[in-house]
file structure-v4.txt (compact mmCIF, N, CA and C atoms and all ligand atoms)
# COMPACT_ATOMS: atom_id res chain seq x y z
N MET A 1 -224.05 0.42 119.59
CA MET A 1 -223.03 -0.60 119.34
C MET A 1 -222.77 -0.74 117.83
N ALA A 2 -221.52 -0.78 117.46
CA ALA A 2 -221.17 -0.87 116.04
C ALA A 2 -221.47 -2.27 115.50
N LYS A 3 -221.92 -2.32 114.28
CA LYS A 3 -222.14 -3.61 113.62
C LYS A 3 -220.82 -4.14 113.10
N PHE A 4 -220.76 -5.45 112.86
CA PHE A 4 -219.54 -6.03 112.30
C PHE A 4 -219.20 -5.39 110.96
N SER A 5 -220.23 -5.05 110.18
CA SER A 5 -219.96 -4.46 108.87
C SER A 5 -219.30 -3.09 109.01
N GLU A 6 -219.64 -2.38 110.10
CA GLU A 6 -218.99 -1.08 110.33
C GLU A 6 -217.53 -1.28 110.73
N LEU A 7 -217.31 -2.30 111.54
CA LEU A 7 -215.93 -2.61 111.93
C LEU A 7 -215.12 -3.01 110.71
N LEU A 8 -215.77 -3.73 109.80
CA LEU A 8 -215.10 -4.14 108.56
C LEU A 8 -214.68 -2.92 107.75
N GLN A 9 -215.58 -1.94 107.66
CA GLN A 9 -215.24 -0.71 106.94
C GLN A 9 -214.05 -0.02 107.58
N ARG A 10 -214.04 -0.02 108.91
CA ARG A 10 -212.92 0.62 109.61
C ARG A 10 -211.61 -0.11 109.33
N LEU A 11 -211.68 -1.44 109.30
CA LEU A 11 -210.48 -2.24 109.02
C LEU A 11 -209.96 -1.94 107.62
N LYS A 12 -210.89 -1.87 106.66
CA LYS A 12 -210.47 -1.63 105.28
C LYS A 12 -209.86 -0.24 105.13
N ALA A 13 -210.46 0.75 105.80
CA ALA A 13 -209.94 2.11 105.73
C ALA A 13 -208.55 2.18 106.36
N GLU A 14 -208.40 1.50 107.49
CA GLU A 14 -207.11 1.48 108.19
C GLU A 14 -206.05 0.78 107.34
N ARG A 15 -206.45 -0.28 106.66
CA ARG A 15 -205.53 -1.03 105.81
C ARG A 15 -205.01 -0.13 104.68
N LYS A 16 -205.93 0.64 104.09
CA LYS A 16 -205.57 1.54 103.00
C LYS A 16 -204.59 2.60 103.51
N ARG A 17 -204.88 3.13 104.71
CA ARG A 17 -204.04 4.17 105.28
C ARG A 17 -202.63 3.65 105.53
N LEU A 18 -202.54 2.43 106.07
CA LEU A 18 -201.23 1.84 106.36
C LEU A 18 -200.44 1.60 105.08
N LEU A 19 -201.14 1.13 104.04
CA LEU A 19 -200.45 0.88 102.77
C LEU A 19 -199.90 2.17 102.19
N GLN A 20 -200.68 3.24 102.29
CA GLN A 20 -200.22 4.54 101.79
C GLN A 20 -199.00 5.02 102.57
N GLU A 21 -199.06 4.81 103.89
CA GLU A 21 -197.96 5.25 104.73
C GLU A 21 -196.67 4.49 104.38
N LEU A 22 -196.82 3.17 104.17
CA LEU A 22 -195.68 2.35 103.79
C LEU A 22 -195.10 2.81 102.46
N GLU A 23 -195.98 3.10 101.53
CA GLU A 23 -195.55 3.51 100.20
C GLU A 23 -194.77 4.82 100.27
N GLN A 24 -195.33 5.76 101.05
CA GLN A 24 -194.66 7.06 101.24
C GLN A 24 -193.28 6.88 101.84
N MET A 25 -193.22 5.97 102.81
CA MET A 25 -191.96 5.73 103.49
C MET A 25 -190.93 5.17 102.53
N GLN A 26 -191.36 4.25 101.68
CA GLN A 26 -190.43 3.65 100.73
C GLN A 26 -189.97 4.67 99.70
N THR A 27 -190.85 5.57 99.31
CA THR A 27 -190.47 6.61 98.36
C THR A 27 -189.44 7.55 98.98
N SER A 28 -189.67 7.98 100.22
CA SER A 28 -188.73 8.91 100.85
C SER A 28 -187.41 8.21 101.13
N GLN A 29 -187.46 6.90 101.35
CA GLN A 29 -186.23 6.14 101.58
C GLN A 29 -185.38 6.11 100.32
N GLN A 30 -186.05 5.90 99.18
CA GLN A 30 -185.33 5.88 97.91
C GLN A 30 -184.69 7.23 97.63
N MET A 31 -185.41 8.30 97.96
CA MET A 31 -184.88 9.64 97.75
C MET A 31 -183.67 9.87 98.65
N ALA A 32 -183.74 9.42 99.88
CA ALA A 32 -182.64 9.59 100.83
C ALA A 32 -181.42 8.82 100.36
N GLU A 33 -181.65 7.62 99.82
CA GLU A 33 -180.53 6.81 99.34
C GLU A 33 -179.85 7.48 98.15
N ARG A 34 -180.66 8.06 97.29
CA ARG A 34 -180.11 8.74 96.12
C ARG A 34 -179.25 9.93 96.56
N ARG A 35 -179.77 10.67 97.56
CA ARG A 35 -179.03 11.82 98.08
C ARG A 35 -177.70 11.40 98.69
N ALA A 36 -177.76 10.32 99.50
CA ALA A 36 -176.56 9.87 100.20
C ALA A 36 -175.51 9.39 99.22
N GLY A 37 -175.94 8.81 98.10
CA GLY A 37 -175.00 8.27 97.14
C GLY A 37 -174.49 9.33 96.17
N GLY A 38 -175.05 10.51 96.22
CA GLY A 38 -174.69 11.57 95.28
C GLY A 38 -173.36 12.22 95.61
N PRO A 39 -172.88 13.06 94.72
CA PRO A 39 -171.57 13.69 94.92
C PRO A 39 -171.56 14.72 96.06
N PHE A 40 -172.73 15.09 96.55
CA PHE A 40 -172.78 16.10 97.60
C PHE A 40 -172.98 15.51 98.99
N GLY A 41 -172.93 14.18 99.09
CA GLY A 41 -173.08 13.53 100.40
C GLY A 41 -171.96 13.95 101.33
N LYS A 42 -172.32 14.27 102.60
CA LYS A 42 -171.30 14.70 103.54
C LYS A 42 -171.00 13.58 104.52
N ARG A 43 -169.72 13.42 104.82
CA ARG A 43 -169.31 12.34 105.72
C ARG A 43 -169.89 12.50 107.12
N GLY A 44 -169.97 13.73 107.58
CA GLY A 44 -170.44 13.99 108.94
C GLY A 44 -171.88 13.55 109.17
N GLU A 45 -172.63 13.35 108.10
CA GLU A 45 -174.03 13.00 108.25
C GLU A 45 -174.26 11.50 108.34
N GLU A 46 -173.21 10.72 108.13
CA GLU A 46 -173.39 9.27 108.07
C GLU A 46 -174.00 8.70 109.34
N ALA A 47 -173.47 9.14 110.49
CA ALA A 47 -173.94 8.57 111.75
C ALA A 47 -175.44 8.82 111.95
N SER A 48 -175.86 10.05 111.68
CA SER A 48 -177.26 10.36 111.89
C SER A 48 -178.12 9.64 110.85
N GLN A 49 -177.57 9.40 109.68
CA GLN A 49 -178.34 8.68 108.67
C GLN A 49 -178.61 7.25 109.11
N VAL A 50 -177.63 6.64 109.79
CA VAL A 50 -177.82 5.27 110.24
C VAL A 50 -178.96 5.18 111.26
N SER A 51 -178.96 6.11 112.23
CA SER A 51 -180.02 6.02 113.24
C SER A 51 -181.37 6.39 112.62
N GLU A 52 -181.36 7.28 111.64
CA GLU A 52 -182.60 7.61 110.92
C GLU A 52 -183.14 6.36 110.23
N LEU A 53 -182.23 5.62 109.63
CA LEU A 53 -182.60 4.41 108.90
C LEU A 53 -183.19 3.38 109.87
N GLU A 54 -182.55 3.26 111.04
CA GLU A 54 -183.05 2.30 112.03
C GLU A 54 -184.45 2.67 112.50
N LYS A 55 -184.61 3.97 112.73
CA LYS A 55 -185.92 4.45 113.18
C LYS A 55 -186.98 4.11 112.15
N ARG A 56 -186.61 4.35 110.88
CA ARG A 56 -187.55 4.12 109.79
C ARG A 56 -187.87 2.63 109.67
N MET A 57 -186.85 1.79 109.89
CA MET A 57 -187.10 0.36 109.77
C MET A 57 -188.00 -0.13 110.90
N ASP A 58 -187.81 0.43 112.10
CA ASP A 58 -188.68 0.09 113.22
C ASP A 58 -190.12 0.43 112.88
N LEU A 59 -190.31 1.63 112.35
CA LEU A 59 -191.63 2.11 112.01
C LEU A 59 -192.23 1.25 110.90
N GLU A 60 -191.38 0.89 109.94
CA GLU A 60 -191.85 0.08 108.83
C GLU A 60 -192.31 -1.29 109.34
N GLN A 61 -191.53 -1.85 110.26
CA GLN A 61 -191.91 -3.14 110.82
C GLN A 61 -193.22 -3.06 111.58
N MET A 62 -193.38 -1.95 112.31
CA MET A 62 -194.60 -1.75 113.07
C MET A 62 -195.81 -1.67 112.13
N LEU A 63 -195.63 -0.93 111.03
CA LEU A 63 -196.71 -0.78 110.06
C LEU A 63 -197.05 -2.13 109.44
N LYS A 64 -196.01 -2.90 109.11
CA LYS A 64 -196.24 -4.21 108.49
C LYS A 64 -196.92 -5.18 109.45
N LYS A 65 -196.58 -5.04 110.74
CA LYS A 65 -197.20 -5.89 111.75
C LYS A 65 -198.69 -5.56 111.87
N SER A 66 -199.00 -4.26 111.91
CA SER A 66 -200.40 -3.84 111.98
C SER A 66 -201.17 -4.31 110.75
N LEU A 67 -200.50 -4.20 109.61
CA LEU A 67 -201.11 -4.62 108.36
C LEU A 67 -201.42 -6.12 108.40
N GLY A 68 -200.48 -6.89 108.94
CA GLY A 68 -200.67 -8.33 109.06
C GLY A 68 -201.86 -8.67 109.95
N GLU A 69 -202.00 -7.91 111.04
CA GLU A 69 -203.12 -8.14 111.96
C GLU A 69 -204.45 -7.83 111.29
N ILE A 70 -204.45 -6.76 110.50
CA ILE A 70 -205.67 -6.38 109.80
C ILE A 70 -206.02 -7.42 108.74
N ASP A 71 -205.01 -7.87 107.99
CA ASP A 71 -205.24 -8.91 106.98
C ASP A 71 -205.81 -10.16 107.63
N HIS A 72 -205.27 -10.50 108.79
CA HIS A 72 -205.75 -11.68 109.52
C HIS A 72 -207.22 -11.51 109.90
N ALA A 73 -207.56 -10.30 110.39
CA ALA A 73 -208.95 -10.04 110.78
C ALA A 73 -209.87 -10.12 109.56
N LEU A 74 -209.40 -9.62 108.40
CA LEU A 74 -210.22 -9.65 107.19
C LEU A 74 -210.41 -11.10 106.71
N GLU A 75 -209.36 -11.91 106.86
CA GLU A 75 -209.48 -13.33 106.51
C GLU A 75 -210.52 -14.01 107.40
N LYS A 76 -210.48 -13.66 108.69
CA LYS A 76 -211.45 -14.23 109.61
C LYS A 76 -212.86 -13.79 109.24
N TYR A 77 -212.98 -12.55 108.78
CA TYR A 77 -214.29 -12.05 108.37
C TYR A 77 -214.84 -12.90 107.23
N ASP A 78 -213.97 -13.17 106.24
CA ASP A 78 -214.38 -13.99 105.09
C ASP A 78 -214.72 -15.41 105.53
N ALA A 79 -213.99 -15.90 106.51
CA ALA A 79 -214.21 -17.27 106.98
C ALA A 79 -215.40 -17.36 107.93
N GLY A 80 -215.93 -16.21 108.31
CA GLY A 80 -217.09 -16.21 109.21
C GLY A 80 -216.72 -16.37 110.67
N THR A 81 -215.45 -16.22 111.00
CA THR A 81 -215.03 -16.37 112.39
C THR A 81 -214.61 -15.03 113.00
N TYR A 82 -214.93 -13.93 112.29
CA TYR A 82 -214.54 -12.63 112.82
C TYR A 82 -215.24 -12.36 114.15
N GLY A 83 -214.48 -11.80 115.11
CA GLY A 83 -215.07 -11.51 116.42
C GLY A 83 -214.93 -12.66 117.39
N LEU A 84 -214.37 -13.78 116.90
CA LEU A 84 -214.13 -14.91 117.80
C LEU A 84 -212.65 -14.98 118.14
N CYS A 85 -212.38 -15.40 119.37
CA CYS A 85 -211.00 -15.48 119.83
C CYS A 85 -210.24 -16.59 119.11
N ASP A 86 -209.03 -16.28 118.64
CA ASP A 86 -208.19 -17.27 117.96
C ASP A 86 -207.81 -18.42 118.89
N SER A 87 -207.73 -18.12 120.16
CA SER A 87 -207.21 -19.10 121.11
C SER A 87 -208.31 -19.98 121.70
N CYS A 88 -209.37 -19.36 122.24
CA CYS A 88 -210.40 -20.17 122.93
C CYS A 88 -211.70 -20.29 122.13
N GLY A 89 -211.83 -19.50 121.03
CA GLY A 89 -213.01 -19.61 120.18
C GLY A 89 -214.25 -18.92 120.70
N LYS A 90 -214.13 -18.27 121.85
CA LYS A 90 -215.29 -17.55 122.40
C LYS A 90 -215.35 -16.14 121.78
N PRO A 91 -216.52 -15.52 121.81
CA PRO A 91 -216.61 -14.16 121.24
C PRO A 91 -215.72 -13.17 121.99
N ILE A 92 -215.05 -12.33 121.22
CA ILE A 92 -214.23 -11.27 121.81
C ILE A 92 -215.17 -10.16 122.30
N GLU A 93 -214.85 -9.56 123.44
CA GLU A 93 -215.67 -8.50 124.02
C GLU A 93 -215.93 -7.41 122.98
N ARG A 94 -217.19 -6.96 122.90
CA ARG A 94 -217.55 -5.95 121.91
C ARG A 94 -216.79 -4.64 122.10
N ALA A 95 -216.61 -4.23 123.34
CA ALA A 95 -215.91 -2.98 123.61
C ALA A 95 -214.47 -3.08 123.10
N ARG A 96 -213.90 -4.27 123.25
CA ARG A 96 -212.53 -4.48 122.79
C ARG A 96 -212.46 -4.41 121.26
N LEU A 97 -213.41 -5.02 120.58
CA LEU A 97 -213.44 -4.99 119.12
C LEU A 97 -213.64 -3.58 118.60
N GLU A 98 -214.46 -2.83 119.31
CA GLU A 98 -214.72 -1.47 118.84
C GLU A 98 -213.51 -0.58 119.04
N ALA A 99 -212.73 -0.87 120.08
CA ALA A 99 -211.51 -0.10 120.30
C ALA A 99 -210.40 -0.56 119.37
N LEU A 100 -210.42 -1.85 119.05
CA LEU A 100 -209.35 -2.46 118.25
C LEU A 100 -209.97 -3.50 117.32
N PRO A 101 -210.49 -3.06 116.16
CA PRO A 101 -211.23 -3.99 115.29
C PRO A 101 -210.41 -5.19 114.82
N GLN A 102 -209.07 -5.05 114.84
CA GLN A 102 -208.24 -6.17 114.36
C GLN A 102 -207.87 -7.14 115.48
N ALA A 103 -208.44 -6.94 116.68
CA ALA A 103 -208.12 -7.84 117.80
C ALA A 103 -208.48 -9.28 117.43
N SER A 104 -207.56 -10.22 117.71
CA SER A 104 -207.83 -11.61 117.37
C SER A 104 -207.90 -12.50 118.60
N LEU A 105 -207.70 -11.90 119.77
CA LEU A 105 -207.77 -12.65 121.02
C LEU A 105 -208.72 -11.95 121.98
N CYS A 106 -209.44 -12.71 122.80
CA CYS A 106 -210.27 -12.08 123.83
C CYS A 106 -209.36 -11.55 124.93
N LEU A 107 -209.91 -10.73 125.80
CA LEU A 107 -209.10 -10.09 126.84
C LEU A 107 -208.38 -11.11 127.70
N ARG A 108 -209.10 -12.20 128.04
CA ARG A 108 -208.52 -13.21 128.92
C ARG A 108 -207.31 -13.88 128.28
N CYS A 109 -207.46 -14.26 126.99
CA CYS A 109 -206.35 -14.93 126.31
C CYS A 109 -205.20 -13.97 126.05
N LYS A 110 -205.56 -12.72 125.76
CA LYS A 110 -204.53 -11.70 125.52
C LYS A 110 -203.71 -11.49 126.80
N ALA A 111 -204.41 -11.41 127.93
CA ALA A 111 -203.72 -11.21 129.20
C ALA A 111 -202.80 -12.40 129.49
N ARG A 112 -203.28 -13.62 129.19
CA ARG A 112 -202.48 -14.81 129.43
C ARG A 112 -201.25 -14.81 128.54
N GLN A 113 -201.46 -14.42 127.27
CA GLN A 113 -200.35 -14.39 126.32
C GLN A 113 -199.28 -13.39 126.76
N THR A 114 -199.75 -12.22 127.23
CA THR A 114 -198.82 -11.19 127.68
C THR A 114 -198.02 -11.69 128.88
N LYS A 115 -198.70 -12.41 129.75
CA LYS A 115 -198.03 -12.93 130.96
C LYS A 115 -197.01 -13.99 130.57
N ASP A 116 -197.40 -14.89 129.64
CA ASP A 116 -196.49 -15.96 129.20
C ASP A 116 -195.25 -15.42 128.50
N ALA A 117 -195.42 -14.29 127.82
CA ALA A 117 -194.33 -13.74 127.03
C ALA A 117 -193.23 -13.19 127.93
N ARG A 118 -193.57 -12.89 129.17
CA ARG A 118 -192.57 -12.33 130.08
C ARG A 118 -191.58 -13.36 130.57
ZN ZN B 1 -209.89 -16.31 124.23

call {"tool": "encode", "arguments": {"input": "structure-v4.txt", "output": "structure tokens"}}
result
Amino acid sequence: MAKFSELLQRLKAERKRLLQELEQMQTSQQMAERRAGGPFGKRGEEASQVSELEKRMDLEQMLKKSLGEIDHALEKYDAGTYGLCDSCGKPIERARLEALPQASLCLRCKARQTKDAR
């Protein structure tokens, strides 16, 4: 069974990876914008550029959401409440934490939340 400190290391490594990915994405976006605004931009490519941009924004949002979850888990670690459910305060299942170290809800509360969201 993994220790909380090992899960913390995994969270920090994942956080670093996500930040790098976001940075790369922003760099390639700037390059794409420069290309599109240049004298060699082709009109026929506009439509595909829009859907590319949408795809990238979806991905960026997903990355930022994951980053937010990880930050939240790290805050809980500092506060000494890591591994406890945000909703009911009971310990989150160890198997769940090991599969998803940034989990902030126990399985029961997560299932309820998913059901309520429908
Ligand atoms: Zn719970």

call {"tool": "closest_residue", "arguments": {"input": "structure-v4.txt", "among": "A:Lys3, A:Lys90, A:His72, A:Arg56", "to": "ligand ZN 1 (chain B)", "atoms": "all atoms listed in the file"}}
result
A:Lys90

call {"tool": "residues_near_ligand", "arguments": {"input": "structure-v4.txt", "ligand": "ligand ZN 1 (chain B)", "cutoff": "8 Å", "atoms": "only N, CA and C atoms and all ligand atoms", "output": "number ranges by chain"}}
result
A: 84-92, 104-110

call {"tool": "residues_around", "arguments": {"input": "structure-v4.txt", "residues": "stretch 58-62 of chain A", "least_positions_apart": "5", "cutoff": "12 Å", "atoms": "only C-alpha atoms", "output": "number ranges by chain"}}
result
A: 18-26, 29, 51-53, 67-69

call {"tool": "atom_distance", "arguments": {"input": "structure-v4.txt", "atom1": "atom CA of A:Ala73", "atom2": "atom C of A:Met57"}}
result
23.2 Å

call {"tool": "atom_distance", "arguments": {"input": "structure-v4.txt", "atom1": "atom CA of A:Arg94", "atom2": "atom CA of A:Lys64"}}
result
25.2 Å

call {"tool": "atom_distance", "arguments": {"input": "structure-v4.txt", "atom1": "atom N of A:Leu7", "atom2": "atom C of A:Ala79"}}
result
15.6 Å

call {"tool": "axis_aligned_box", "arguments": {"input": "structure-v4.txt", "around": "stretch 12-25 of chain A", "padding_each_side": "6 Å", "output": "lines of an AutoDock Vina configuration file"}}
result
center_x = -200.9
center_y = 2.6
center_z = 104.2
size_x = 32.0
size_y = 20.9
size_z = 20.0

call {"tool": "select_by_dssp", "arguments": {"input": "structure-v4.txt", "residues": "chain A", "states": "alpha helix (DSSP H)", "output": "PyMOL selection string"}}
result
chain A and resi 4-37+46-79+94-99+107-117

call {"tool": "build_atoms", "arguments": {"input": "structure-v4.txt", "residues": "stretch 76-87 of chain A", "atoms": "all heavy atoms", "output": "compact mmCIF listing (two decimals), in the coordinates of the input"}}
result
# COMPACT_ATOMS: atom_id res chain seq x y z
N LYS A 76 -210.48 -13.66 108.69
CA LYS A 76 -211.45 -14.23 109.61
C LYS A 76 -212.86 -13.79 109.24
O LYS A 76 -213.81 -14.56 109.36
CB LYS A 76 -211.13 -13.79 111.06
CG LYS A 76 -209.96 -14.56 111.66
CD LYS A 76 -209.59 -14.05 113.03
CE LYS A 76 -210.57 -14.50 114.10
NZ LYS A 76 -210.13 -14.12 115.45
N TYR A 77 -212.98 -12.55 108.78
CA TYR A 77 -214.29 -12.05 108.37
C TYR A 77 -214.84 -12.90 107.23
O TYR A 77 -215.99 -13.33 107.24
CB TYR A 77 -214.19 -10.58 107.96
CG TYR A 77 -215.53 -9.88 107.98
CD1 TYR A 77 -215.94 -9.19 109.11
CD2 TYR A 77 -216.38 -9.95 106.89
CE1 TYR A 77 -217.17 -8.56 109.15
CE2 TYR A 77 -217.60 -9.33 106.92
CZ TYR A 77 -218.00 -8.63 108.06
OH TYR A 77 -219.22 -8.02 108.09
N ASP A 78 -213.97 -13.17 106.24
CA ASP A 78 -214.38 -13.99 105.09
C ASP A 78 -214.72 -15.41 105.53
O ASP A 78 -215.60 -16.05 104.97
CB ASP A 78 -213.25 -14.04 104.05
CG ASP A 78 -213.17 -12.74 103.25
OD1 ASP A 78 -214.16 -11.99 103.25
OD2 ASP A 78 -212.12 -12.48 102.64
N ALA A 79 -213.99 -15.90 106.51
CA ALA A 79 -214.21 -17.27 106.98
C ALA A 79 -215.40 -17.36 107.93
O ALA A 79 -215.82 -18.46 108.32
CB ALA A 79 -212.95 -17.80 107.67
N GLY A 80 -215.93 -16.21 108.31
CA GLY A 80 -217.09 -16.21 109.21
C GLY A 80 -216.72 -16.37 110.67
O GLY A 80 -217.57 -16.64 111.51
N THR A 81 -215.45 -16.22 111.00
CA THR A 81 -215.03 -16.37 112.39
C THR A 81 -214.61 -15.03 113.00
O THR A 81 -214.02 -15.00 114.08
CB THR A 81 -213.84 -17.36 112.51
OG1 THR A 81 -212.77 -16.90 111.68
CG2 THR A 81 -214.25 -18.75 112.09
N TYR A 82 -214.93 -13.93 112.29
CA TYR A 82 -214.54 -12.63 112.82
C TYR A 82 -215.24 -12.36 114.15
O TYR A 82 -216.43 -12.65 114.30
CB TYR A 82 -214.87 -11.52 111.83
CG TYR A 82 -214.52 -10.15 112.36
CD1 TYR A 82 -213.19 -9.76 112.44
CD2 TYR A 82 -215.50 -9.29 112.82
CE1 TYR A 82 -212.85 -8.53 112.96
CE2 TYR A 82 -215.17 -8.05 113.34
CZ TYR A 82 -213.84 -7.68 113.41
OH TYR A 82 -213.50 -6.47 113.94
N GLY A 83 -214.48 -11.80 115.11
CA GLY A 83 -215.07 -11.51 116.42
C GLY A 83 -214.93 -12.66 117.39
O GLY A 83 -215.31 -12.53 118.54
N LEU A 84 -214.37 -13.78 116.90
CA LEU A 84 -214.13 -14.91 117.80
C LEU A 84 -212.65 -14.98 118.14
O LEU A 84 -211.80 -14.67 117.31
CB LEU A 84 -214.57 -16.23 117.14
CG LEU A 84 -216.05 -16.33 116.77
CD1 LEU A 84 -216.33 -17.66 116.08
CD2 LEU A 84 -216.94 -16.17 118.00
N CYS A 85 -212.38 -15.40 119.37
CA CYS A 85 -211.00 -15.48 119.83
C CYS A 85 -210.24 -16.59 119.11
O CYS A 85 -210.74 -17.70 118.97
CB CYS A 85 -211.01 -15.72 121.34
SG CYS A 85 -209.38 -15.98 122.04
N ASP A 86 -209.03 -16.28 118.64
CA ASP A 86 -208.19 -17.27 117.96
C ASP A 86 -207.81 -18.42 118.89
O ASP A 86 -207.56 -19.52 118.46
CB ASP A 86 -206.89 -16.62 117.48
CG ASP A 86 -207.05 -16.02 116.09
OD1 ASP A 86 -208.16 -16.11 115.54
OD2 ASP A 86 -206.06 -15.47 115.58
N SER A 87 -207.73 -18.12 120.16
CA SER A 87 -207.21 -19.10 121.11
C SER A 87 -208.31 -19.98 121.70
O SER A 87 -208.22 -21.19 121.68
CB SER A 87 -206.45 -18.37 122.20
OG SER A 87 -205.94 -19.30 123.12
